[in-house]
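S.K.: Input structure22.tsv, format and content: TSV, C-alpha atoms.
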chain	number	residue	atom	x	y	z
A	14	MET	CA	16.11	11.40	-17.67
A	15	ALA	CA	19.26	12.64	-19.38
A	16	LYS	CA	18.84	14.13	-22.83
A	17	ARG	CA	20.54	12.59	-25.84
A	18	ASP	CA	23.33	14.52	-27.47
A	19	TYR	CA	21.82	16.83	-30.11
A	20	TYR	CA	24.47	15.89	-32.68
A	21	GLU	CA	23.63	12.23	-32.08
A	22	VAL	CA	19.90	12.96	-32.47
A	23	LEU	CA	20.51	14.45	-35.93
A	24	GLY	CA	23.15	11.87	-36.82
A	25	VAL	CA	25.87	14.40	-37.65
A	26	ASP	CA	29.40	15.20	-36.46
A	27	LYS	CA	30.10	18.12	-34.12
A	28	SER	CA	31.86	19.84	-37.03
A	29	ALA	CA	28.77	19.60	-39.25
A	30	SER	CA	28.04	22.61	-41.47
A	31	ASP	CA	24.70	24.42	-41.58
A	32	ASP	CA	23.81	22.64	-44.82
A	33	GLU	CA	24.57	19.23	-43.29
A	34	LEU	CA	22.42	20.07	-40.27
A	35	LYS	CA	19.53	21.15	-42.50
A	36	LYS	CA	19.71	18.03	-44.65
A	37	ALA	CA	19.70	15.77	-41.60
A	38	TYR	CA	16.83	17.73	-40.09
A	39	ARG	CA	14.69	17.56	-43.24
A	40	ARG	CA	15.20	13.80	-43.53
A	41	LEU	CA	14.34	13.06	-39.88
A	42	ALA	CA	11.40	15.48	-39.69
A	43	LYS	CA	9.76	13.76	-42.66
A	44	LYS	CA	10.53	10.35	-41.17
A	45	TYR	CA	9.08	11.00	-37.70
A	46	HIS	CA	6.16	13.32	-38.47
A	47	PRO	CA	3.12	11.81	-36.65
A	48	ASP	CA	0.95	11.98	-39.76
A	49	ALA	CA	3.47	9.76	-41.51
A	50	ASN	CA	3.31	7.24	-38.65
A	51	PRO	CA	-0.41	6.63	-38.00
A	52	ASP	CA	0.25	3.26	-36.33
A	53	ASN	CA	2.75	4.66	-33.80
A	54	LYS	CA	1.92	8.33	-33.34
A	55	ALA	CA	3.05	8.65	-29.69
A	56	GLU	CA	6.61	7.42	-30.29
A	57	ALA	CA	6.86	9.33	-33.58
A	58	GLU	CA	5.72	12.55	-31.92
A	59	ALA	CA	8.35	12.16	-29.17
A	60	LYS	CA	11.10	11.67	-31.75
A	61	PHE	CA	9.69	14.50	-33.86
A	62	LYS	CA	9.96	16.88	-30.90
A	63	GLU	CA	13.48	15.67	-30.11
A	64	VAL	CA	14.61	16.33	-33.69
A	65	ASN	CA	13.05	19.81	-33.64
A	66	GLU	CA	14.69	20.68	-30.33
A	67	ALA	CA	18.10	19.54	-31.58
A	68	TYR	CA	17.83	21.48	-34.84
A	69	GLU	CA	16.43	24.61	-33.18
A	70	THR	CA	19.55	24.73	-31.00
A	71	LEU	CA	22.27	23.73	-33.47
A	72	SER	CA	20.98	25.85	-36.36
A	73	ASP	CA	21.38	29.01	-34.26
A	74	SER	CA	25.07	29.99	-34.00
A	75	GLN	CA	24.68	31.56	-30.52
A	76	LYS	CA	22.69	28.64	-29.12
A	77	ARG	CA	25.09	26.14	-30.71
A	78	LYS	CA	28.05	27.90	-29.07
A	79	MET	CA	26.30	27.65	-25.69
A	80	TYR	CA	25.40	24.01	-26.28
A	81	ASP	CA	29.02	23.14	-27.10
A	82	GLN	CA	30.04	24.83	-23.81
A	83	PHE	CA	27.36	23.54	-21.47
A	84	GLY	CA	25.81	20.44	-23.02
A	85	PRO	CA	22.11	19.58	-23.48
A	86	ASP	CA	20.99	20.75	-20.02
A	87	GLY	CA	22.35	24.28	-20.43
A	88	PRO	CA	24.03	26.43	-17.76
A	89	GLN	CA	22.66	25.45	-14.34
A	90	GLY	CA	20.67	28.07	-12.54
A	91	PHE	CA	19.57	29.98	-15.64
A	92	GLY	CA	16.22	29.43	-17.30
A	93	GLY	CA	14.25	26.23	-17.35
A	94	GLY	CA	12.92	23.55	-19.66
A	95	ASN	CA	14.84	23.47	-22.90
A	96	PRO	CA	17.65	25.96	-22.12
A	97	TYR	CA	18.17	26.79	-25.80
A	98	GLY	CA	14.60	27.49	-26.90
A	99	ASN	CA	11.05	27.87	-25.66
A	100	GLY	CA	10.51	24.11	-25.46
A	101	THR	CA	7.10	24.30	-27.22
A	102	TYR	CA	6.39	22.08	-30.20
A	103	THR	CA	3.22	21.57	-32.27
A	104	TYR	CA	2.35	19.74	-35.44
A	105	SER	CA	-0.54	19.75	-37.89
A	106	THR	CA	-1.72	17.89	-40.95
A	107	GLY	CA	-2.12	21.22	-42.78
A	108	PHE	CA	0.81	23.05	-44.32
A	109	ASP	CA	-0.21	26.36	-42.73
A	110	GLY	CA	0.37	24.93	-39.25
A	111	PHE	CA	4.12	24.84	-39.78
A	112	SER	CA	4.82	28.54	-40.14
A	113	ASP	CA	6.62	28.68	-36.78
A	114	PHE	CA	9.05	25.90	-37.72
A	115	GLY	CA	11.05	27.69	-40.40
A	116	ASP	CA	12.28	24.96	-42.73
A	117	LEU	CA	9.35	22.67	-41.89
A	118	GLY	CA	7.21	24.64	-44.35
A	119	ASP	CA	9.40	23.46	-47.20
A	120	ILE	CA	9.60	19.94	-45.78
A	121	PHE	CA	5.88	19.33	-45.60
A	122	SER	CA	5.20	21.11	-48.85
A	123	SER	CA	7.30	18.46	-50.57
A	124	PHE	CA	6.14	15.69	-48.26
A	125	PHE	CA	2.45	16.20	-49.02
A	126	GLY	CA	2.97	16.82	-52.71
A	127	GLY	CA	3.02	20.61	-52.75
A	128	GLY	CA	-0.77	21.03	-52.83
A	129	PHE	CA	-1.02	23.56	-50.01
A	130	GLY	CA	-0.54	26.86	-51.83
A	131	GLY	CA	2.59	28.91	-52.35
A	132	GLY	CA	5.09	30.46	-50.03
A	133	ARG	CA	6.15	29.57	-46.50
A	134	GLY	CA	3.85	30.54	-43.68
A	135	GLY	CA	0.45	30.54	-45.41
A	136	SER	CA	-2.27	32.19	-43.33
A	137	ARG	CA	-0.07	32.14	-40.24
A	138	GLN	CA	2.11	35.10	-41.26
A	139	ASN	CA	0.45	37.23	-38.60
A	140	GLY	CA	0.54	34.46	-36.00
A	141	PRO	CA	2.42	34.65	-32.69
A	142	LYS	CA	6.12	35.48	-33.05
A	143	LYS	CA	8.84	35.42	-30.42
A	144	GLY	CA	10.38	38.78	-29.56
A	145	THR	CA	13.87	39.83	-30.60
A	146	ASP	CA	16.79	38.44	-28.59
A	147	LEU	CA	19.23	40.99	-27.17
A	148	GLN	CA	23.00	40.87	-26.61
A	149	TYR	CA	24.96	42.47	-23.78
A	150	ASP	CA	28.69	42.39	-22.92
A	151	LEU	CA	29.59	42.46	-19.21
A	152	GLU	CA	33.11	42.87	-17.83
A	153	ILE	CA	33.92	41.39	-14.41
A	154	SER	CA	37.08	40.96	-12.35
A	155	PHE	CA	39.09	37.76	-11.99
A	156	GLU	CA	37.96	37.49	-8.36
A	157	GLU	CA	34.29	37.86	-9.37
A	158	SER	CA	34.61	35.06	-11.90
A	159	PHE	CA	36.19	32.91	-9.18
A	160	LEU	CA	33.70	33.62	-6.38
A	161	GLY	CA	30.57	34.49	-8.36
A	162	THR	CA	28.78	37.80	-7.96
A	163	GLU	CA	25.57	39.71	-8.58
A	164	ARG	CA	25.72	42.66	-10.95
A	165	TYR	CA	23.27	45.17	-12.35
A	166	VAL	CA	23.11	45.84	-16.08
A	167	THR	CA	21.22	48.60	-17.86
A	168	ILE	CA	19.81	47.89	-21.31
A	169	ASN	CA	17.66	49.73	-23.82
A	170	ARG	CA	14.82	47.61	-25.14
A	171	LYS	CA	11.30	47.80	-26.49
A	172	GLU	CA	8.58	47.15	-23.93
A	173	THR	CA	4.85	46.67	-24.17
A	174	CYS	CA	3.11	50.05	-24.13
A	175	GLN	CA	1.31	50.40	-20.81
A	176	ASN	CA	-1.14	52.94	-22.21
A	177	CYS	CA	-2.68	50.61	-24.79
A	178	HIS	CA	-1.37	47.30	-23.38
A	179	GLY	CA	0.32	46.51	-26.66
A	180	GLU	CA	-2.75	46.84	-28.91
A	181	GLY	CA	-1.48	50.01	-30.56
A	182	SER	CA	-4.91	51.63	-30.48
A	183	LYS	CA	-6.16	54.53	-28.41
A	184	PRO	CA	-7.52	53.44	-24.98
A	185	GLY	CA	-11.22	52.71	-25.28
A	186	THR	CA	-10.85	51.55	-28.87
A	187	HIS	CA	-9.60	48.31	-30.40
A	188	PRO	CA	-7.95	47.31	-33.69
A	189	GLU	CA	-10.36	46.09	-36.35
A	190	THR	CA	-9.92	42.99	-38.46
A	191	CYS	CA	-8.69	43.84	-41.93
A	192	SER	CA	-11.59	43.68	-44.38
A	193	VAL	CA	-9.33	42.75	-47.30
A	194	CYS	CA	-7.46	39.72	-45.92
A	195	HIS	CA	-9.97	39.00	-43.14
A	196	GLY	CA	-7.23	38.95	-40.51
A	197	SER	CA	-4.87	36.50	-42.20
A	198	GLY	CA	-2.33	39.15	-43.24
A	199	GLN	CA	-2.06	37.56	-46.68
A	200	ILE	CA	-4.01	37.55	-49.92
A	201	LYS	CA	-4.38	34.44	-52.04
A	202	GLN	CA	-3.83	34.76	-55.75
A	203	ILE	CA	-4.64	32.12	-58.37
A	204	GLN	CA	-2.97	32.27	-61.78
A	205	THR	CA	-3.70	30.09	-64.77
A	206	THR	CA	-0.60	28.81	-66.58
A	207	ILE	CA	0.13	26.13	-69.15
A	208	LEU	CA	0.76	23.78	-66.22
A	209	GLY	CA	-2.62	24.52	-64.70
A	210	GLN	CA	-3.71	26.78	-61.91
A	211	MET	CA	-1.01	27.96	-59.47
A	212	GLN	CA	-1.84	29.46	-56.11
A	213	THR	CA	0.44	32.01	-54.49
A	214	MET	CA	0.23	34.17	-51.39
A	215	ARG	CA	1.30	37.80	-50.98
A	216	THR	CA	1.33	40.17	-48.06
A	217	CYS	CA	-1.84	42.20	-47.67
A	218	THR	CA	-1.09	45.82	-48.62
A	219	ASN	CA	-4.07	47.13	-46.68
A	220	CYS	CA	-2.85	46.01	-43.24
A	221	HIS	CA	0.82	45.34	-44.18
A	222	GLY	CA	0.55	41.74	-43.05
A	223	THR	CA	-0.74	42.42	-39.51
A	224	GLY	CA	-4.31	41.38	-40.18
A	225	LYS	CA	-5.54	44.41	-38.25
A	226	ILE	CA	-6.40	48.02	-38.94
A	227	ILE	CA	-5.83	50.70	-36.28
A	228	LYS	CA	-8.07	53.68	-36.96
A	229	GLU	CA	-7.20	55.60	-33.79
A	230	PRO	CA	-3.52	55.01	-32.85
A	231	CYS	CA	-2.31	55.19	-29.26
A	232	GLU	CA	-0.73	58.58	-28.56
A	233	THR	CA	2.06	57.02	-26.48
A	234	CYS	CA	3.37	54.37	-28.87
A	235	LYS	CA	1.95	55.86	-32.12
A	236	GLY	CA	0.24	52.60	-32.93
A	237	LYS	CA	3.30	50.38	-32.58
A	238	GLY	CA	2.21	48.74	-29.33
A	239	THR	CA	5.72	49.08	-27.89
A	240	VAL	CA	7.89	51.87	-26.49
A	241	ARG	CA	11.64	51.97	-25.96
A	242	ASN	CA	12.72	52.16	-22.32
A	243	GLN	CA	15.92	51.88	-20.29
A	244	VAL	CA	15.75	48.93	-17.91
A	245	ARG	CA	18.01	47.96	-14.99
A	246	LEU	CA	18.32	44.20	-14.39
A	247	SER	CA	19.95	42.17	-11.64
A	248	VAL	CA	22.17	39.38	-12.95
A	249	LYS	CA	23.64	36.52	-10.92
A	250	ILE	CA	27.07	35.48	-12.18
A	251	PRO	CA	27.90	31.90	-11.10
A	252	ALA	CA	31.23	31.03	-9.54
A	253	GLY	CA	33.53	29.52	-12.16
A	254	VAL	CA	32.24	31.43	-15.18
A	255	ASP	CA	35.01	31.76	-17.77
A	256	ASP	CA	35.94	34.51	-20.20
A	257	ASN	CA	33.56	34.77	-23.20
A	258	GLN	CA	30.98	32.41	-21.72
A	259	THR	CA	27.34	33.37	-22.19
A	260	ILE	CA	24.52	33.53	-19.66
A	261	VAL	CA	20.92	33.56	-20.91
A	262	LEU	CA	18.20	35.52	-19.14
A	263	ARG	CA	14.92	34.04	-20.37
A	264	GLY	CA	12.20	36.50	-21.28
A	265	GLU	CA	14.38	39.59	-20.83
A	266	GLY	CA	14.48	40.41	-24.53
A	267	GLU	CA	11.93	42.42	-26.46
A	268	PRO	CA	8.17	41.63	-26.44
A	269	GLY	CA	6.76	39.18	-28.95
A	270	GLU	CA	4.23	39.95	-31.64
A	271	ASN	CA	0.60	38.86	-31.71
A	272	GLY	CA	0.81	37.20	-28.33
A	273	GLY	CA	4.19	35.56	-28.93
A	274	PRO	CA	6.70	35.07	-26.06
A	275	LYS	CA	9.35	37.61	-25.16
A	276	GLY	CA	12.86	37.26	-26.54
A	277	ASP	CA	15.89	36.43	-24.38
A	278	LEU	CA	18.91	38.40	-23.22
A	279	TYR	CA	22.28	36.83	-24.08
A	280	LEU	CA	24.88	38.18	-21.66
A	281	THR	CA	28.51	37.49	-22.65
A	282	VAL	CA	30.98	37.68	-19.77
A	283	HIS	CA	34.46	39.16	-20.23
A	284	VAL	CA	36.96	38.55	-17.41
A	285	LYS	CA	39.66	41.15	-16.78
A	286	LYS	CA	43.27	39.99	-16.68
A	287	HIS	CA	44.86	39.77	-13.23
A	288	LYS	CA	48.35	40.96	-12.38
A	289	LEU	CA	49.06	37.88	-10.24
A	290	TYR	CA	46.81	35.03	-11.39
A	291	THR	CA	45.99	33.36	-14.70
A	292	ARG	CA	43.51	30.62	-15.52
A	293	ARG	CA	43.99	27.36	-17.39
A	294	GLY	CA	40.84	25.25	-17.49
A	295	ASN	CA	39.63	25.28	-13.89
A	296	ASN	CA	43.16	25.63	-12.48
A	297	VAL	CA	44.60	28.86	-11.11
A	298	LEU	CA	48.24	29.54	-12.01
A	299	CYS	CA	50.51	31.85	-10.05
A	300	GLU	CA	54.23	32.69	-9.71
A	301	ILE	CA	55.68	33.07	-6.22
A	302	PRO	CA	59.11	34.73	-5.69
A	303	ILE	CA	61.44	33.14	-3.12
A	304	THR	CA	64.91	34.03	-1.89
A	305	PHE	CA	68.14	32.15	-2.52
A	306	THR	CA	68.17	31.10	1.13
A	307	GLN	CA	64.59	29.79	1.04
A	308	ALA	CA	65.32	27.81	-2.09
A	309	THR	CA	68.49	26.33	-0.58
A	310	LEU	CA	67.31	25.55	2.94
A	311	GLY	CA	63.58	25.07	2.31
A	312	ALA	CA	60.91	27.29	3.85
A	313	GLU	CA	57.28	27.69	4.84
A	314	LEU	CA	55.62	30.08	2.41
A	315	ARG	CA	52.45	32.12	2.78
A	316	ILE	CA	50.57	31.70	-0.52
A	317	PRO	CA	47.82	34.26	-1.31
A	318	MET	CA	44.61	32.63	-2.61
A	319	VAL	CA	42.17	34.21	-5.07
A	320	ASP	CA	39.46	34.44	-2.39
A	321	GLY	CA	41.67	36.67	-0.22
A	322	THR	CA	42.80	34.00	2.25
A	323	ASP	CA	46.33	32.61	2.70
A	324	GLU	CA	47.57	29.03	2.53
A	325	MET	CA	50.77	27.94	4.29
A	326	TYR	CA	52.89	25.66	2.14
A	327	THR	CA	56.29	24.13	2.95
A	328	ILE	CA	58.78	23.78	0.11
A	329	PRO	CA	61.73	21.39	0.50
A	330	ASP	CA	65.41	22.31	0.55
A	331	SER	CA	67.30	22.47	-2.74
A	332	THR	CA	64.21	23.76	-4.58
A	333	GLN	CA	65.11	24.89	-8.08
A	334	THR	CA	63.64	27.96	-9.77
A	335	GLY	CA	60.70	27.01	-11.98
A	336	THR	CA	59.53	24.18	-9.73
A	337	LYS	CA	55.74	23.82	-9.60
A	338	PHE	CA	53.69	22.99	-6.50
A	339	ILE	CA	50.01	22.10	-6.32
A	340	ILE	CA	47.41	22.98	-3.69
A	341	ARG	CA	44.47	20.69	-4.38
A	342	ASP	CA	40.86	21.89	-4.80
A	343	LYS	CA	41.69	25.59	-4.56
A	344	GLY	CA	40.99	26.45	-8.18
A	345	PHE	CA	37.76	27.37	-10.00
A	346	LYS	CA	34.53	25.49	-9.37
A	347	ALA	CA	33.15	23.60	-12.35
A	348	ILE	CA	30.24	25.70	-13.61
A	349	ASN	CA	28.30	22.77	-15.01
A	350	GLY	CA	29.06	19.93	-12.65
A	351	ASN	CA	30.87	18.83	-9.53
A	352	GLY	CA	34.55	19.19	-8.76
A	353	GLN	CA	37.03	22.00	-8.45
A	354	GLY	CA	40.34	22.84	-10.07
A	355	ASP	CA	43.71	23.22	-8.32
A	356	PHE	CA	45.93	26.14	-7.39
A	357	ILE	CA	49.34	25.68	-9.06
A	358	PHE	CA	52.18	28.00	-8.14
A	359	THR	CA	55.65	28.18	-9.65
A	360	VAL	CA	58.57	29.40	-7.54
A	361	GLN	CA	61.03	31.89	-8.99
A	362	VAL	CA	64.33	32.30	-7.13
A	363	GLN	CA	65.20	35.99	-6.77
A	364	VAL	CA	68.87	37.02	-6.79
A	365	PRO	CA	69.58	40.05	-4.55
A	366	LYS	CA	70.53	43.15	-6.54
A	367	LYS	CA	72.51	44.81	-3.74
A	368	LEU	CA	74.63	43.28	-0.98
A	369	THR	CA	76.22	44.82	2.10
A	370	VAL	CA	79.94	44.35	2.69
A	371	GLU	CA	79.19	41.80	5.39
A	372	GLN	CA	76.79	39.83	3.16
A	373	ARG	CA	79.28	39.79	0.33
A	374	GLU	CA	82.02	38.51	2.62
A	375	LEU	CA	79.80	35.71	3.91
A	376	LEU	CA	78.92	34.62	0.37
A	377	LEU	CA	82.60	34.59	-0.60
A	378	GLN	CA	83.36	32.36	2.37
A	379	LEU	CA	80.49	30.07	1.36
A	380	ALA	CA	81.73	29.94	-2.20
A	381	LYS	CA	85.13	28.68	-1.05
A	382	THR	CA	83.48	25.65	0.53
A	383	MET	CA	81.47	24.82	-2.60
A	384	ASN	CA	82.18	23.93	-6.18
A	385	GLU	CA	80.84	27.16	-7.73
A	386	GLN	CA	81.58	26.10	-11.31
A	387	PRO	CA	78.98	23.60	-12.58
A	388	PRO	CA	80.50	20.75	-14.60
A	389	VAL	CA	80.53	21.51	-18.33
A	390	LYS	CA	79.81	18.69	-20.74
A	391	LYS	CA	82.31	18.91	-23.59
A	392	LYS	CA	80.91	18.17	-27.03
A	393	GLY	CA	82.88	16.15	-29.56
A	394	ILE	CA	83.67	17.30	-33.05
A	395	PHE	CA	80.32	15.98	-34.25
A	396	GLY	CA	78.36	17.22	-31.18
Go ahead and render the structure in this file as structure tokens.
M.R.:
Amino acid sequence: MAKRDYYEVLGVDKSASDDELKKAYRRLAKKYHPDANPDNKAEAEAKFKEVNEAYETLSDSQKRKMYDQFGPDGPQGFGGGNPYGNGTYTYSTGFDGFSDFGDLGDIFSSFFGGGFGGGRGGSRQNGPKKGTDLQYDLEISFEESFLGTERYVTINRKETCQNCHGEGSKPGTHPETCSVCHGSGQIKQIQTTILGQMQTMRTCTNCHGTGKIIKEPCETCKGKGTVRNQVRLSVKIPAGVDDNQTIVLRGEGEPGENGGPKGDLYLTVHVKKHKLYTRRGNNVLCEIPITFTQATLGAELRIPMVDGTDEMYTIPDSTQTGTKFIIRDKGFKAINGNGQGDFIFTVQVQVPKKLTVEQRELLLQLAKTMNEQPPVKKKGIFG
């Protein structure tokens, strides 16, 4: 089943600003939250997830750029599920259950009357968090963008420490639950004001918000749970990829925290300029030099294709310089659909720079049989 356009889901234009996206998101999230629709929870939950997926994509500048390029299904062949996020959505009647939704904390705080304590995130500050996304720029040749290729890239990233398996503690020991915040990572404070009691939350200074205390740190990662390594990855570049397009490698970013998923690797492709070919859309453009004789009498030309093959093409007599000819379906493949562009070549008549005595004499004889002076249109006094 085809997905609805994310801009349509949020009810905004494609040129919508971040503020406009947020306002639309807040309104729809409150409208479709299952707890606000007890008589039709199933349909409300489906719409709630759809709104979240749309906002998660469009509120991220990198994901929005990809969405505008590839549409709701993302680049084919890379990743699965929701191509712009992890595709996982949850909801809860309690404010603390919305810590992973960003702006939803504010939404449900106002929706339920603000009686859930202060600050976004509540006791979920030390909950699962997705790892950091990484960015890599890859340069490829014009031919590689046309045919597709497989390349290896080397990146530096944090990886889970194999000595402690990410716990941060010395093998044989385990982190202990913080005795101050009892594993929540936050401490609740209640203050009495003229408006009544106000509850706020602050980060636990004993465990620094992790909810855990490591008494014996791992010697390899020094208690961090991660180490920085150099990694070599194989990347498949699809045929038809254009300059500045982005490929996403799911789960190839840095490890998540507290059991969260790994981040992603955003690989931006840069295509080198070619001395013979240029690209316009999915069409390949090329200039082919021809002689005066070929242009006058017509000729069969051997046209070099991007894939290294040749195409024979017959041009008619009296061909003028600058004339364009099209070879169908010999351009770039559409990266996100069916079809293929064309190969368009423009002929440029070359005038010989040096002539032999015999050649010059023959051209003079030819000139005598032809009207060598093109007719000149005379302009009037007001022309």
S.K.: Can you pull out every residue within 6 Å of Thr281 (chain A), counting only C-alpha atoms, but drop anything in the same chain fewer than 5 positions away, and send it as a PyMOL selection string?
M.R.: chain A and resi 150+257-259
S.K.: Rounded to one decimal in Å, what is the spacing between CA of Val254 (chain A) and CA of Ile316 (chain A)?
M.R.: 23.5 Å
S.K.: What is the CA of Gln333 (chain A)-CA of Arg293 (chain A) distance in Å, reported with one decimal?
M.R.: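 So the answer is 23.2 Å.
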S.K.: Using the file's own x, y and z axes, what box holds all listed atoms of region 197-205 of chain A with 8 Å on each side, keeping edges along x, y and z, and what are its centre and edge lengths in Å to one decimal, as AutoDock Vina command-line options?
M.R.:
--center_x -3.5 --center_y 34.6 --center_z -53.5 --size_x 18.8 --size_y 25.1 --size_z 38.6
S.K.: Quick check, in Å to one decimal: how far apart do CA of Ser158 (chain A) and CA of Asp73 (chain A) lie?
M.R.: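 Distance reported for this atom pair: 26.7 Å.
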S.K.: Of the candidates A:Arg341, A:Lys201, A:Arg245, A:Lys143, which shows the shortest atom-to-atom distance to Gly264 (chain A), using all atoms listed in the file?
M.R.: A:Lys143
S.K.: Counting only C-alpha atoms, what is within 8 Å of region 362-365 of chain A, bar same-chain residues fewer than 3 positions away, as a VMD selection string?
M.R.: chain A and resid 302 to 305 308 333 to 334 368
S.K.: For a quick check of understanding, using all atoms listed in the file, which of A:Ile153, A:Val25, A:Leu379, A:Leu298 has the smallest distance to Val282 (chain A)?
M.R.: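 Of the candidates, the smallest distance to Val282 (chain A) is held by A:Ile153.
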S.K.: Select, from A:Gly344, A:Pro51, A:Pro317, A:Pro141, the residue with the minimum atom-to-atom distance to Leu289 (chain A), counting all atoms listed in the file.
M.R.: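 Residue with the minimum atom-to-atom distance to Leu289 (chain A): A:Pro317.
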S.K.: Glu232 (chain A): which residues within 10 Å, counting all atoms listed in the file, same-chain residues fewer than 6 positions away excluded, as a PDB file with C-alpha atoms, in the frame of the given file?
M.R.:
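As a result, part.pdb now contains:
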ATOM      1  CA  ASN A 176      -1.140  52.940 -22.210  1.00  0.00           C
ATOM      2  CA  CYS A 177      -2.680  50.610 -24.790  1.00  0.00           C
ATOM      3  CA  GLY A 181      -1.480  50.010 -30.560  1.00  0.00           C
ATOM      4  CA  SER A 182      -4.910  51.630 -30.480  1.00  0.00           C
ATOM      5  CA  LYS A 183      -6.160  54.530 -28.410  1.00  0.00           C
ATOM      6  CA  PRO A 184      -7.520  53.440 -24.980  1.00  0.00           C
TER       7      PRO A 184
END
S.K.: Using all atoms listed in the file, determine which residues lie at most 8 Å from Leu41 (chain A), disregarding the query and same-chain residues fewer than 3 positions distant; provide the list as a PyMOL selection string.
M.R.: chain A and resi 23+37-38+44-45+61+64
S.K.: Output the selection as a short mmCIF file (atom, residue, chain, number, x, y, z; two decimals), in the frame of the given file - C-alpha atoms for each residue.
M.R.:
data_model
loop_
_atom_site.label_atom_id
_atom_site.label_comp_id
_atom_site.auth_asym_id
_atom_site.auth_seq_id
_atom_site.Cartn_x
_atom_site.Cartn_y
_atom_site.Cartn_z
CA LEU A 23 20.51 14.45 -35.93
CA ALA A 37 19.70 15.77 -41.60
CA TYR A 38 16.83 17.73 -40.09
CA LYS A 44 10.53 10.35 -41.17
CA TYR A 45 9.08 11.00 -37.70
CA PHE A 61 9.69 14.50 -33.86
CA VAL A 64 14.61 16.33 -33.69
#
S.K.: Pick the closest to Thr162 (chain A) from A:Gly185, A:Gly144, A:Ile203, A:Ala252: which is it, counting all atoms listed in the file?
M.R.: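 Answer, going by the shortest atom-to-atom distance: A:Ala252.
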S.K.: Find the residue from A:Thr233, A:Ser30, A:Asn295, A:Asn65 that sits nearest to Thr173 (chain A); use all atoms listed in the file when measuring.
M.R.: A:Thr233
S.K.: Can you pull out the residues contacting Gly266 (chain A)? Cut-off 7 Å, using all atoms listed in the file, and skip same-chain residues under 5 positions away; I want them as JSON, numbers by chain.
M.R.: {"A": [144, 145, 146, 147, 275, 276, 277, 278]}
S.K.: Using all atoms listed in the file, what residues lie at most 8 Å away from (25.2, 45.7, -19.4) (file coordinates), given as a compact mmCIF listing (two decimals) with C-alpha atoms, in the frame of the given file?
M.R.:
# COMPACT_ATOMS: atom_id res chain seq x y z
CA TYR A 149 24.96 42.47 -23.78
CA ASP A 150 28.69 42.39 -22.92
CA LEU A 151 29.59 42.46 -19.21
CA TYR A 165 23.27 45.17 -12.35
CA VAL A 166 23.11 45.84 -16.08
CA THR A 167 21.22 48.60 -17.86
CA ILE A 168 19.81 47.89 -21.31
CA LEU A 280 24.88 38.18 -21.66
